[in-house]
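Inspection log for the structure reproduced underneath, given as structure tokens.
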Amino acid sequence: QVQLVESGGGLVQAGGSLRLSCAASGLSFSNYAMGWFRQAPGKEREFLAAVSWSGGTTYYTDSVKGRFTISRDNAKNTVYLQMGSLKPEDTAVYYCAAESSPTHKAASVVAIRGGFGSWGQGTQVTVSS
């Protein structure tokens with residue numbers, strides 16, 4: 001059973017930075033692409049970023065490109081989301097996601113195909129103005 005546990009959320013001022021972590025278990029982590037999503041109150045879940053199984057490729061939605069960086073440490077079964085230049089509109093619950101099954105495809109391919117199938121419980125990020 002796949003388990004994804006996010007941490008690192010909190011309250012930060014606009015312009016600040018935050019790093020989220022997601023510890024994964026129950027899967028052969030180094031074979032799976034990983035992603036980050038968020039959901040703000042009253043809005044649909046939004047894709048943010050993906051990293052391929054090896055960490056060799058990444059893919060971002062336009063709204064976070066240049067501000068957020070996704071990375072992974074396969075030795076620690078952990079994926080990260082470094083967030084910078086935070087804005088009040090970044091306030092949301094942030095979720096980690098794992099690929100439904102290992103494909104060894106580029107991050108963009110996994111993301112565009114909607115290939116994520118396991119989710120964490122989320123961590124709240126609040127950006128104050």
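Convention: chains lettered A, B, ... in structure tokens order; per-chain residue numbering from 1; ligands numbered from 1 as shown.
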Quick one: everything within 9 Å of Gly115 in chain A, counting only C-alpha atoms, minus sequence neighbours fewer than 6 positions away in the same chain. Send it as a short mmCIF file (atom, residue, chain, number, x, y, z; two decimals) with N, CA and C atoms, in the first residue's frame.
data_model
loop_
_atom_site.label_atom_id
_atom_site.label_comp_id
_atom_site.auth_asym_id
_atom_site.auth_seq_id
_atom_site.Cartn_x
_atom_site.Cartn_y
_atom_site.Cartn_z
N ALA A 33 7.59 8.27 -11.21
CA ALA A 33 7.53 9.72 -11.27
C ALA A 33 6.70 10.23 -10.09
N ALA A 98 2.06 10.17 -6.44
CA ALA A 98 2.94 9.20 -7.09
C ALA A 98 2.29 8.69 -8.37
N GLU A 99 3.12 8.36 -9.33
CA GLU A 99 2.64 7.79 -10.58
C GLU A 99 1.83 6.52 -10.31
N SER A 100 0.82 6.30 -11.12
CA SER A 100 -0.04 5.13 -10.92
C SER A 100 0.74 3.82 -11.06
N SER A 101 1.59 3.78 -12.05
CA SER A 101 2.45 2.62 -12.24
C SER A 101 3.72 3.12 -12.94
N VAL A 109 5.53 13.91 -19.87
CA VAL A 109 4.64 12.87 -20.40
C VAL A 109 3.70 12.39 -19.29
#
What are the closest atom pairs, with distances in Å to one decimal, for all residues of range 20-88 of chain A lying within 9 Å of range 116-125 of chain A? Consider only C-alpha atoms, order rows by chain and residue number, and present the result as JSON lines.
{"residue": "A:Leu20", "atom": "CA", "partner": "A:Thr123", "partner_atom": "CA", "distance": 8.4}
{"residue": "A:Cys22", "atom": "CA", "partner": "A:Gly120", "partner_atom": "CA", "distance": 8.2}
{"residue": "A:Ala33", "atom": "CA", "partner": "A:Phe116", "partner_atom": "CA", "distance": 8.2}
{"residue": "A:Met34", "atom": "CA", "partner": "A:Phe116", "partner_atom": "CA", "distance": 7.7}
{"residue": "A:Gly35", "atom": "CA", "partner": "A:Phe116", "partner_atom": "CA", "distance": 7.6}
{"residue": "A:Arg38", "atom": "CA", "partner": "A:Gly122", "partner_atom": "CA", "distance": 8.4}
Kindly save the residues from that selection, with C-alpha atoms included, as a short mmCIF file (atom, residue, chain, number, x, y, z; two decimals), in the first residue's frame.
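This is the output file out-v3.cif:
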data_model
loop_
_atom_site.label_atom_id
_atom_site.label_comp_id
_atom_site.auth_asym_id
_atom_site.auth_seq_id
_atom_site.Cartn_x
_atom_site.Cartn_y
_atom_site.Cartn_z
CA LEU A 20 7.70 20.96 1.32
CA CYS A 22 6.96 14.14 0.91
CA ALA A 33 7.53 9.72 -11.27
CA MET A 34 6.33 12.04 -8.52
CA GLY A 35 4.32 15.23 -8.53
CA ARG A 38 -2.58 21.97 -4.68
#
Query - For range 63-76 of chain A: contacts at 10 Å, only C-alpha atoms, fewer than 4 positions along chain excluded, given as a PyMOL selection string - result: chain A and resi 17-24+28-36+48-59+80-86+90
Could you save those same residues with N, CA and C atoms as a CSV table (one decimal), in the first residue's frame?
chain,number,residue,atom,x,y,z
A,17,SER,N,9.7,32.1,1.4
A,17,SER,CA,10.0,30.8,0.8
A,17,SER,C,9.6,29.7,1.8
A,18,LEU,N,9.4,28.5,1.2
A,18,LEU,CA,9.0,27.4,2.0
A,18,LEU,C,9.4,26.1,1.3
A,19,ARG,N,9.8,25.1,2.0
A,19,ARG,CA,10.1,23.8,1.3
A,19,ARG,C,9.3,22.7,1.9
A,20,LEU,N,8.5,22.1,1.0
A,20,LEU,CA,7.7,21.0,1.3
A,20,LEU,C,8.5,19.7,1.1
A,21,SER,N,8.2,18.7,1.9
A,21,SER,CA,8.8,17.4,1.7
A,21,SER,C,7.6,16.3,1.7
A,22,CYS,N,7.9,15.2,1.0
A,22,CYS,CA,7.0,14.1,0.9
A,22,CYS,C,7.7,12.8,1.0
A,23,ALA,N,7.5,12.1,2.1
A,23,ALA,CA,8.1,10.8,2.3
A,23,ALA,C,7.2,9.7,1.8
A,24,ALA,N,7.8,8.9,1.0
A,24,ALA,CA,7.0,7.8,0.3
A,24,ALA,C,7.4,6.4,0.8
A,28,SER,N,8.3,1.0,-5.0
A,28,SER,CA,9.7,1.1,-5.4
A,28,SER,C,9.9,2.5,-5.9
A,29,PHE,N,10.2,3.4,-4.9
A,29,PHE,CA,10.2,4.8,-5.2
A,29,PHE,C,11.0,5.3,-6.4
A,30,SER,N,12.2,4.7,-6.5
A,30,SER,CA,13.1,5.2,-7.6
A,30,SER,C,12.6,4.9,-9.0
A,31,ASN,N,11.5,4.1,-9.1
A,31,ASN,CA,10.9,3.8,-10.4
A,31,ASN,C,9.7,4.6,-10.8
A,32,TYR,N,9.3,5.4,-9.8
A,32,TYR,CA,8.0,6.2,-10.0
A,32,TYR,C,8.3,7.7,-10.2
A,33,ALA,N,7.6,8.3,-11.2
A,33,ALA,CA,7.5,9.7,-11.3
A,33,ALA,C,6.7,10.2,-10.1
A,34,MET,N,7.0,11.4,-9.7
A,34,MET,CA,6.3,12.0,-8.5
A,34,MET,C,5.9,13.4,-8.9
A,35,GLY,N,4.8,13.9,-8.2
A,35,GLY,CA,4.3,15.2,-8.5
A,35,GLY,C,3.8,16.0,-7.3
A,36,TRP,N,3.6,17.2,-7.5
A,36,TRP,CA,2.9,18.1,-6.5
A,36,TRP,C,1.7,18.7,-7.1
A,48,LEU,N,1.0,21.2,-10.2
A,48,LEU,CA,2.0,22.2,-10.1
A,48,LEU,C,3.3,21.7,-10.7
A,49,ALA,N,3.8,20.5,-10.4
A,49,ALA,CA,5.1,20.1,-10.9
A,49,ALA,C,5.3,18.6,-10.8
A,50,ALA,N,6.1,18.1,-11.7
A,50,ALA,CA,6.4,16.7,-11.7
A,50,ALA,C,7.9,16.5,-11.9
A,51,VAL,N,8.4,15.4,-11.4
A,51,VAL,CA,9.8,15.0,-11.6
A,51,VAL,C,9.8,13.5,-12.0
A,52,SER,N,10.6,13.2,-13.0
A,52,SER,CA,10.7,11.8,-13.5
A,52,SER,C,11.3,10.9,-12.5
A,53,TRP,N,11.2,9.6,-12.7
A,53,TRP,CA,11.7,8.5,-11.8
A,53,TRP,C,13.1,8.7,-11.4
A,54,SER,N,14.0,9.2,-12.3
A,54,SER,CA,15.4,9.4,-12.1
A,54,SER,C,15.7,10.7,-11.6
A,55,GLY,N,14.8,11.7,-11.7
A,55,GLY,CA,15.1,13.1,-11.4
A,55,GLY,C,15.7,13.8,-12.6
A,56,GLY,N,15.8,13.1,-13.7
A,56,GLY,CA,16.4,13.7,-14.9
A,56,GLY,C,15.6,14.8,-15.6
A,57,THR,N,14.3,14.7,-15.5
A,57,THR,CA,13.4,15.7,-16.1
A,57,THR,C,12.4,16.2,-15.1
A,58,THR,N,12.0,17.4,-15.3
A,58,THR,CA,11.0,18.1,-14.5
A,58,THR,C,10.0,18.8,-15.4
A,59,TYR,N,8.9,19.1,-14.9
A,59,TYR,CA,7.8,19.8,-15.7
A,59,TYR,C,7.0,20.6,-14.7
A,80,TYR,N,10.7,16.7,-2.9
A,80,TYR,CA,10.6,18.0,-2.4
A,80,TYR,C,10.0,19.0,-3.3
A,81,LEU,N,9.4,20.1,-2.7
A,81,LEU,CA,9.0,21.2,-3.5
A,81,LEU,C,9.5,22.5,-2.8
A,82,GLN,N,10.5,23.1,-3.4
A,82,GLN,CA,11.0,24.4,-2.9
A,82,GLN,C,10.2,25.5,-3.6
A,83,MET,N,9.6,26.3,-2.7
A,83,MET,CA,8.7,27.4,-3.2
A,83,MET,C,9.3,28.7,-2.8
A,84,GLY,N,9.4,29.6,-3.8
A,84,GLY,CA,9.9,30.9,-3.5
A,84,GLY,C,9.0,32.0,-4.1
A,85,SER,N,9.3,33.2,-3.7
A,85,SER,CA,8.5,34.4,-4.2
A,85,SER,C,7.0,34.1,-4.0
A,86,LEU,N,6.7,33.6,-2.8
A,86,LEU,CA,5.3,33.2,-2.6
A,86,LEU,C,4.3,34.3,-2.6
A,90,ASP,N,-1.0,31.7,-3.6
A,90,ASP,CA,-0.4,30.3,-3.5
A,90,ASP,C,-1.0,29.6,-2.3
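Those residues of range 63-114 of chain A that DSSP, working from the backbone, places in alpha helix (DSSP H) are Ala107, Ser108, Val109, Val110, Ala111 and Ile112 of chain A.
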Report task. Can you list, as a VMD selection string, all residues belonging to range 4-105 of chain A that DSSP tags as strand (DSSP E)? Result -> chain A and resid 4 to 7 10 to 13 18 to 25 34 to 39 46 to 51 58 to 60 68 to 73 78 to 83 92 to 99
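For the set A:Val127, A:Leu27, A:Ala107, A:Val93, the residue with the smallest atom-to-atom gap to Val12 in chain A is A:Val127, counting only C-alpha atoms.
Remark: for Gly9 in chain A, the closest of the candidate residues A:Thr103, A:Thr126, A:Gly114, A:Val79 is A:Thr126 (distances computed over only C-alpha atoms).
Here CA of Lys43 in chain A and CA of Ser128 in chain A stand 18.8 Å from one another.
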Query raised in the report: So which one's closest to Glu89 in chain A, A:Gln39, A:Gln1, A:Ser25, A:Ser7? Using only C-alpha atoms, please.
Result: A:Gln39
Query raised in the report: Between A:Pro88, A:Gly16, A:Gly26, A:Pro102, which one has atoms that come closest to Ala40 in chain A, using only C-alpha atoms?
Result: A:Pro88
